[in-house]
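To keep things clear, I will list the structure first and then write my remarks on it.
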Amino acid sequence: MPVAAQVIRHASTCPDRVAVSGPYGDITYGALARRALEEAASLTAALPRPIAARATPPADGRAITAAARTRAPVVGICLRDPVDQLIAILAADLTGATPLLYEPALRDGIPADLLIETLLTTGPTDPGAQTQLAGVGSAGPVTRSLPGGGWFAPSPGDLAWACFSSGSTGRPRAVVRTRESWTGSFAPLSEITGIGADDVVLVPGPLTSSLYGFAAVHALAVGATVLAPGRWAPGSLPELARRATAVHVVPHLLPRLLDALPEDAPLRVVVVGGAALPPEVRERAGDVRVVAYYGATELSFVAVDADGGGLRPFPGVEIEVRPPLGEVWARSPWLAEGYLGGVAGPLKAEDKWMSVGDLADPYTPGEPLRLRGRGDGAIQTGGATVVPEDVEEVLRRAPGVGDVVVVGSPHPELGAVVTAVVEAGAGPLPSRTTLEKVARDGLAAAQRPRRWYAITDLPRTPTGKPARAQVAARLTTTDPDLRRLP
């Protein structure tokens with residue numbers, strides 16, 4: 001985590017402030033820094049001689065900086081408790097290693113030939129041990145050096161963070177980025193959201209995701225308190241909402257969060273990252289300010305909508321929408337360096353510009369950016385190109401629809417047919433007749449689904465986004481959870 005220096009500074013000035021509230025208790029900034037320094041000393045003794053942290057940029061992309069090429073090994077971290085995760089990645093940063101936080105299910109996404117040292121793989125933290133950890137408080141000064149000697153001197157070009165892409169459209173890939181590509185965006189994000197040291201920031205998902213990982217990193221950098229339950233747990237939302245003044249969340253979970261808010265909740269701002277946010281959801285937030293942004297693991301922030309007026313370039317970002325498909329390209333200091341281990345991926349680069357294939361309507365600087373979806377998920381049907389997100393946006397308006405995923409199913413004559421897999425909302429699922437009427441009223445003929453399926457729960461990525469690739473794969477099997485609508 002590229003904020004070890006900031007955490008140590010907060011530990012020196014406000015050691016008793018709660019840094020992280022995890023599932024087993026709280027840990028102060030003083031205790032967090034102390035534990036990180038202790039783990040860093042152990043890690044320094046365990047690591048072999050320095051090995052370059054290897055990242056492969058796109059084929060025509062940017063070169064890895066000289067500072068990055070001399071970095072220590074990539075350190076894999078597979079821990080369940082978010083407090084333990086944060087301690088471990090702070091320790092890795094203190095040694096000059098590149099931390100890669102991952103879950104066991106993501107291990108296959110790490111290239112086999114990547115030299116990687118794994119730092120701890122344990123089960124859930126013992127609640128008693130965590131309570132003891134939380135009680136350390138400010139028992140003694142926090143030093144600025146490792147017990148075994150000096151500590152790593154950070155620089156902007158360090159490869160200071162690696163994380164997996166969401167995997168919503170395919171296999172997750174480990175993305176690596178420099179220290180500056182994240183920490184440099186902290187100031188504009190703080191200015192836009194108002195998040196600062198007095199806030200309690202709820203991060204209700206796994207820190208293995210770039211969205212939630214960044215949220216925790218930013219909160220620690222500004223000296224705030226991080227509420228990190230580790231997983232989305234609807235039953236705990238009312239209690240968490242009584243403490244949180246700020247929340248980072250994905251769009252489809254925002255309505256559930258708003259439903260769980262008690263009347264006297266201190267929440268003042270919600271930061272929403274991912275897919276487009278429907279206007280009616282923003283309106284439901286009432287006095288709670290909603291800041292929505294568009295980005296990608298590989299690109300970081302691209303555009304932000306701070307007031308409901310539409311997506312505008314995030315500070316420091318230039319945007320182009322290039323014909324013929326309408327691909328979104330970005331140039332900014334926040335771009336990633338590439339993928340670990342030489343794996344292929346959607347990231348493309350050209351003269352300091354990058355794209356992951358997202359599509360948008362024609363864009364004029366000064367006007368809002370209107371996204372359409374992912375180009376790599378487009379459905380070719382009977383000579384027409386259908387963007388799934390365009391169809392999903394319309395179908396979500398149908399009463400009784402909780403969420404929907406649209407994919408292409410193979411067809412011998414048309415190439416593919418548009419197929420909708422619908423998840424029910426709070427009430428009963430609408431009939432196929434009702435869904436088809438919504439489609440006729442809002443979609444062109446080629447966009448309308450030919451096949452309809454119902455599912456109780458859509459498969460999702462760790463961040464909560466629908467796992468489109470998994471849905472498409474399950475449609476090719478006799479999955480008992482999928483029910484064809486007559």
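Ligands are numbered from 1 in the order shown, chains are lettered A, B, ... in the order of the structure tokens, and residues start at 1 in each chain.
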
Practice task
Could you pull out the residues in region 142-350 of chain A that DSSP calls helix (DSSP H, G or I) from the backbone, as a ChimeraX atom specification?
Solution key: /A:179-183,186-193,210-222,234-241,251-260,279-284

Long-range neighbours of Leu395 (chain A) as a tab-separated table (two decimals) with N, CA and C atoms, in the first residue's frame, 8 Å cut-off, only C-alpha atoms, 5 positions minimum in chain:
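Saved as out-v1.tsv:
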```
chain	number	residue	atom	x	y	z
A	401	VAL	N	-37.91	-5.83	-11.62
A	401	VAL	CA	-36.57	-6.25	-12.04
A	401	VAL	C	-35.54	-5.69	-11.06
A	404	VAL	N	-30.22	-7.11	-14.26
A	404	VAL	CA	-30.28	-7.88	-15.49
A	404	VAL	C	-28.92	-7.89	-16.16
A	435	LEU	N	-41.98	-7.79	-19.83
A	435	LEU	CA	-40.61	-7.45	-20.20
A	435	LEU	C	-40.50	-7.10	-21.69
A	438	VAL	N	-41.73	-3.58	-22.32
A	438	VAL	CA	-40.72	-2.58	-21.94
A	438	VAL	C	-39.64	-2.49	-23.03
A	439	ALA	N	-39.24	-3.66	-23.56
A	439	ALA	CA	-38.22	-3.69	-24.61
A	439	ALA	C	-38.72	-3.00	-25.88
```

Sorted per-residue table, region 178-222 of chain A near region 262-273 of chain A, closest atoms and distance, 12 Å, only C-alpha atoms, as a Markdown table:
```
| residue | atom | partner | partner_atom | distance |
| --- | --- | --- | --- | --- |
| A:Leu189 | CA | A:Val271 | CA | 9.9 |
| A:Ser190 | CA | A:Val271 | CA | 11.1 |
| A:Ile192 | CA | A:Val271 | CA | 10.0 |
| A:Thr193 | CA | A:Val269 | CA | 7.0 |
| A:Gly194 | CA | A:Val269 | CA | 8.3 |
| A:Ile195 | CA | A:Val269 | CA | 8.4 |
| A:Gly196 | CA | A:Val269 | CA | 11.8 |
| A:Asp199 | CA | A:Leu267 | CA | 9.6 |
| A:Val200 | CA | A:Leu267 | CA | 9.1 |
| A:Val201 | CA | A:Leu267 | CA | 9.4 |
| A:Leu202 | CA | A:Val270 | CA | 9.5 |
| A:Val203 | CA | A:Val271 | CA | 10.3 |
| A:Pro204 | CA | A:Val270 | CA | 11.9 |
| A:Ser209 | CA | A:Gly273 | CA | 11.7 |
| A:Ser210 | CA | A:Gly273 | CA | 10.5 |
| A:Leu211 | CA | A:Gly273 | CA | 7.1 |
| A:Tyr212 | CA | A:Gly273 | CA | 9.6 |
| A:Phe214 | CA | A:Gly273 | CA | 11.1 |
| A:Ala215 | CA | A:Val271 | CA | 9.3 |
```

Contacts of region 1-16 of chain A at 7 Å (only C-alpha atoms; same-chain gap of 4+ positions) as a PDB file with all heavy atoms, in the first residue's frame:
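Once written, around-v8.pdb looks like this:
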```
ATOM      1  N   THR A  28      -5.903   1.444  16.371  1.00  0.00           N
ATOM      2  CA  THR A  28      -5.567   2.860  16.277  1.00  0.00           C
ATOM      3  C   THR A  28      -4.427   3.073  15.279  1.00  0.00           C
ATOM      4  O   THR A  28      -3.751   2.123  14.874  1.00  0.00           O
ATOM      5  CB  THR A  28      -5.132   3.393  17.647  1.00  0.00           C
ATOM      6  OG1 THR A  28      -3.920   2.715  18.044  1.00  0.00           O
ATOM      7  CG2 THR A  28      -6.213   3.179  18.697  1.00  0.00           C
ATOM      8  N   TYR A  29      -4.210   4.331  14.941  1.00  0.00           N
ATOM      9  CA  TYR A  29      -3.096   4.643  14.043  1.00  0.00           C
ATOM     10  C   TYR A  29      -1.763   4.270  14.687  1.00  0.00           C
ATOM     11  O   TYR A  29      -0.847   3.786  14.014  1.00  0.00           O
ATOM     12  CB  TYR A  29      -3.111   6.126  13.656  1.00  0.00           C
ATOM     13  CG  TYR A  29      -3.935   6.397  12.424  1.00  0.00           C
ATOM     14  CD1 TYR A  29      -5.255   6.828  12.540  1.00  0.00           C
ATOM     15  CD2 TYR A  29      -3.425   6.186  11.147  1.00  0.00           C
ATOM     16  CE1 TYR A  29      -6.027   7.065  11.419  1.00  0.00           C
ATOM     17  CE2 TYR A  29      -4.189   6.415  10.017  1.00  0.00           C
ATOM     18  CZ  TYR A  29      -5.494   6.856  10.156  1.00  0.00           C
ATOM     19  OH  TYR A  29      -6.260   7.067   9.037  1.00  0.00           O
ATOM     20  N   GLY A  30      -1.641   4.472  15.997  1.00  0.00           N
ATOM     21  CA  GLY A  30      -0.405   4.099  16.665  1.00  0.00           C
ATOM     22  C   GLY A  30      -0.144   2.609  16.580  1.00  0.00           C
ATOM     23  O   GLY A  30       0.970   2.164  16.267  1.00  0.00           O
ATOM     24  N   ALA A  33       0.593   1.466  12.834  1.00  0.00           N
ATOM     25  CA  ALA A  33       1.958   1.753  12.403  1.00  0.00           C
ATOM     26  C   ALA A  33       2.954   0.811  13.073  1.00  0.00           C
ATOM     27  O   ALA A  33       3.884   0.315  12.434  1.00  0.00           O
ATOM     28  CB  ALA A  33       2.307   3.206  12.712  1.00  0.00           C
ATOM     29  N   ILE A  89       0.104  -5.118   3.870  1.00  0.00           N
ATOM     30  CA  ILE A  89       0.482  -4.342   2.691  1.00  0.00           C
ATOM     31  C   ILE A  89       1.229  -3.070   3.073  1.00  0.00           C
ATOM     32  O   ILE A  89       2.076  -2.590   2.325  1.00  0.00           O
ATOM     33  CB  ILE A  89      -0.729  -4.048   1.783  1.00  0.00           C
ATOM     34  CG1 ILE A  89      -1.885  -3.432   2.542  1.00  0.00           C
ATOM     35  CG2 ILE A  89      -1.196  -5.305   1.116  1.00  0.00           C
ATOM     36  CD1 ILE A  89      -3.153  -3.267   1.718  1.00  0.00           C
ATOM     37  N   LEU A  90       0.953  -2.535   4.262  1.00  0.00           N
ATOM     38  CA  LEU A  90       1.779  -1.434   4.746  1.00  0.00           C
ATOM     39  C   LEU A  90       3.207  -1.914   4.996  1.00  0.00           C
ATOM     40  O   LEU A  90       4.180  -1.220   4.680  1.00  0.00           O
ATOM     41  CB  LEU A  90       1.197  -0.866   6.040  1.00  0.00           C
ATOM     42  CG  LEU A  90      -0.056   0.011   5.905  1.00  0.00           C
ATOM     43  CD1 LEU A  90      -0.678   0.242   7.274  1.00  0.00           C
ATOM     44  CD2 LEU A  90       0.252   1.317   5.224  1.00  0.00           C
ATOM     45  N   ASP A  93       5.078  -2.234   1.756  1.00  0.00           N
ATOM     46  CA  ASP A  93       5.497  -0.934   1.246  1.00  0.00           C
ATOM     47  C   ASP A  93       6.719  -0.420   1.993  1.00  0.00           C
ATOM     48  O   ASP A  93       7.621   0.180   1.399  1.00  0.00           O
ATOM     49  CB  ASP A  93       4.343   0.061   1.368  1.00  0.00           C
ATOM     50  CG  ASP A  93       4.632   1.391   0.689  1.00  0.00           C
ATOM     51  OD1 ASP A  93       5.199   1.378  -0.419  1.00  0.00           O
ATOM     52  OD2 ASP A  93       4.319   2.434   1.270  1.00  0.00           O
ATOM     53  N   LEU A  94       6.782  -0.659   3.294  1.00  0.00           N
ATOM     54  CA  LEU A  94       7.926  -0.203   4.080  1.00  0.00           C
ATOM     55  C   LEU A  94       9.226  -0.884   3.653  1.00  0.00           C
ATOM     56  O   LEU A  94      10.302  -0.319   3.787  1.00  0.00           O
ATOM     57  CB  LEU A  94       7.670  -0.463   5.568  1.00  0.00           C
ATOM     58  CG  LEU A  94       6.716   0.513   6.264  1.00  0.00           C
ATOM     59  CD1 LEU A  94       6.305  -0.024   7.621  1.00  0.00           C
ATOM     60  CD2 LEU A  94       7.351   1.888   6.400  1.00  0.00           C
ATOM     61  N   PRO A  99       3.094  -4.893  -3.016  1.00  0.00           N
ATOM     62  CA  PRO A  99       2.073  -5.796  -2.479  1.00  0.00           C
ATOM     63  C   PRO A  99       1.012  -6.136  -3.514  1.00  0.00           C
ATOM     64  O   PRO A  99       0.550  -5.275  -4.258  1.00  0.00           O
ATOM     65  CB  PRO A  99       1.478  -4.980  -1.326  1.00  0.00           C
ATOM     66  CG  PRO A  99       1.694  -3.552  -1.704  1.00  0.00           C
ATOM     67  CD  PRO A  99       2.979  -3.518  -2.492  1.00  0.00           C
ATOM     68  N   GLY A 137      -3.149   0.768  21.406  1.00  0.00           N
ATOM     69  CA  GLY A 137      -3.269   2.220  21.505  1.00  0.00           C
ATOM     70  C   GLY A 137      -1.960   2.924  21.243  1.00  0.00           C
ATOM     71  O   GLY A 137      -1.269   2.644  20.273  1.00  0.00           O
ATOM     72  N   SER A 138      -1.584   3.820  22.125  1.00  0.00           N
ATOM     73  CA  SER A 138      -0.382   4.630  21.910  1.00  0.00           C
ATOM     74  C   SER A 138       0.700   4.267  22.924  1.00  0.00           C
ATOM     75  O   SER A 138       1.347   5.126  23.486  1.00  0.00           O
ATOM     76  CB  SER A 138      -0.717   6.115  22.025  1.00  0.00           C
ATOM     77  OG  SER A 138      -1.273   6.383  23.300  1.00  0.00           O
ATOM     78  N   VAL A 142       6.078   5.852  17.993  1.00  0.00           N
ATOM     79  CA  VAL A 142       6.241   5.124  16.733  1.00  0.00           C
ATOM     80  C   VAL A 142       7.517   5.616  16.068  1.00  0.00           C
ATOM     81  O   VAL A 142       7.664   6.808  15.797  1.00  0.00           O
ATOM     82  CB  VAL A 142       5.031   5.356  15.802  1.00  0.00           C
ATOM     83  CG1 VAL A 142       5.248   4.658  14.484  1.00  0.00           C
ATOM     84  CG2 VAL A 142       3.760   4.863  16.476  1.00  0.00           C
ATOM     85  N   ALA A 160       4.249   0.432  -6.537  1.00  0.00           N
ATOM     86  CA  ALA A 160       3.880   0.374  -5.125  1.00  0.00           C
ATOM     87  C   ALA A 160       2.567  -0.337  -4.871  1.00  0.00           C
ATOM     88  O   ALA A 160       2.141  -0.445  -3.727  1.00  0.00           O
ATOM     89  CB  ALA A 160       3.816   1.791  -4.551  1.00  0.00           C
ATOM     90  N   TRP A 161       1.897  -0.819  -5.912  1.00  0.00           N
ATOM     91  CA  TRP A 161       0.600  -1.465  -5.696  1.00  0.00           C
ATOM     92  C   TRP A 161       0.272  -2.362  -6.882  1.00  0.00           C
ATOM     93  O   TRP A 161       0.505  -1.996  -8.034  1.00  0.00           O
ATOM     94  CB  TRP A 161      -0.504  -0.424  -5.527  1.00  0.00           C
ATOM     95  CG  TRP A 161      -1.861  -1.011  -5.256  1.00  0.00           C
ATOM     96  CD1 TRP A 161      -2.860  -1.263  -6.146  1.00  0.00           C
ATOM     97  CD2 TRP A 161      -2.354  -1.454  -4.001  1.00  0.00           C
ATOM     98  NE1 TRP A 161      -3.945  -1.819  -5.533  1.00  0.00           N
ATOM     99  CE2 TRP A 161      -3.660  -1.947  -4.197  1.00  0.00           C
ATOM    100  CE3 TRP A 161      -1.815  -1.468  -2.710  1.00  0.00           C
ATOM    101  CZ2 TRP A 161      -4.445  -2.453  -3.163  1.00  0.00           C
ATOM    102  CZ3 TRP A 161      -2.605  -1.971  -1.676  1.00  0.00           C
ATOM    103  CH2 TRP A 161      -3.888  -2.454  -1.908  1.00  0.00           C
ATOM    104  N   ARG A 179       3.349   4.452  -7.394  1.00  0.00           N
ATOM    105  CA  ARG A 179       2.892   5.163  -6.204  1.00  0.00           C
ATOM    106  C   ARG A 179       2.128   6.436  -6.581  1.00  0.00           C
ATOM    107  O   ARG A 179       1.027   6.691  -6.117  1.00  0.00           O
ATOM    108  CB  ARG A 179       4.102   5.517  -5.339  1.00  0.00           C
ATOM    109  CG  ARG A 179       3.779   6.159  -4.007  1.00  0.00           C
ATOM    110  CD  ARG A 179       5.060   6.462  -3.246  1.00  0.00           C
ATOM    111  NE  ARG A 179       5.899   5.272  -3.135  1.00  0.00           N
ATOM    112  CZ  ARG A 179       5.754   4.339  -2.199  1.00  0.00           C
ATOM    113  NH1 ARG A 179       4.803   4.458  -1.297  1.00  0.00           N
ATOM    114  NH2 ARG A 179       6.567   3.300  -2.157  1.00  0.00           N
ATOM    115  N   VAL A 217      -7.201   2.983   1.087  1.00  0.00           N
ATOM    116  CA  VAL A 217      -5.915   3.667   0.988  1.00  0.00           C
ATOM    117  C   VAL A 217      -6.092   5.177   1.126  1.00  0.00           C
ATOM    118  O   VAL A 217      -5.374   5.847   1.878  1.00  0.00           O
ATOM    119  CB  VAL A 217      -5.243   3.332  -0.363  1.00  0.00           C
ATOM    120  CG1 VAL A 217      -4.050   4.239  -0.605  1.00  0.00           C
ATOM    121  CG2 VAL A 217      -4.798   1.880  -0.392  1.00  0.00           C
ATOM    122  N   LEU A 220      -6.991   6.212   4.778  1.00  0.00           N
ATOM    123  CA  LEU A 220      -5.832   6.189   5.666  1.00  0.00           C
ATOM    124  C   LEU A 220      -4.880   7.348   5.357  1.00  0.00           C
ATOM    125  O   LEU A 220      -4.276   7.923   6.264  1.00  0.00           O
ATOM    126  CB  LEU A 220      -5.096   4.862   5.544  1.00  0.00           C
ATOM    127  CG  LEU A 220      -5.810   3.635   6.117  1.00  0.00           C
ATOM    128  CD1 LEU A 220      -4.992   2.377   5.856  1.00  0.00           C
ATOM    129  CD2 LEU A 220      -6.073   3.797   7.612  1.00  0.00           C
ATOM    130  N   ALA A 221      -4.732   7.677   4.096  1.00  0.00           N
ATOM    131  CA  ALA A 221      -3.824   8.761   3.720  1.00  0.00           C
ATOM    132  C   ALA A 221      -4.260  10.093   4.319  1.00  0.00           C
ATOM    133  O   ALA A 221      -3.421  10.906   4.706  1.00  0.00           O
ATOM    134  CB  ALA A 221      -3.730   8.874   2.204  1.00  0.00           C
ATOM    135  N   GLY A 223      -6.051  10.379   7.051  1.00  0.00           N
ATOM    136  CA  GLY A 223      -6.182  10.274   8.500  1.00  0.00           C
ATOM    137  C   GLY A 223      -7.577   9.964   8.984  1.00  0.00           C
ATOM    138  O   GLY A 223      -7.873  10.148  10.174  1.00  0.00           O
TER     139      GLY A 223
END
```

Problem - Gly382 (chain A) environment, 12 Å, only C-alpha atoms, sequence neighbours closer than 6 positions dropped, as number ranges by chain - result: A: 408, 410-418, 445-447

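In this comparison, which uses only C-alpha atoms, the residue of A:Pro486, A:Pro428, A:Pro156, A:Pro255 approaching Arg284 (chain A) most closely is A:Pro255.
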
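All residues of protein, DNA or RNA that reach within 7 Å of Leu261 (chain A), judged by only C-alpha atoms and not counting those fewer than 3 positions away in the chain, are Pro238, Ala241, Leu257, Leu258 and Ala265 of chain A.
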
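What separates CA of Ala306 (chain A) from CA of Leu371 (chain A) is a distance of 16.3 Å.
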
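The protein and nucleic acid residues lying at most 10 Å from Glu367 (chain A) are Gly309, Gly310, Leu311, Arg312 and Pro313 of chain A, with only C-alpha atoms considered and sequence neighbours fewer than 6 positions away removed.
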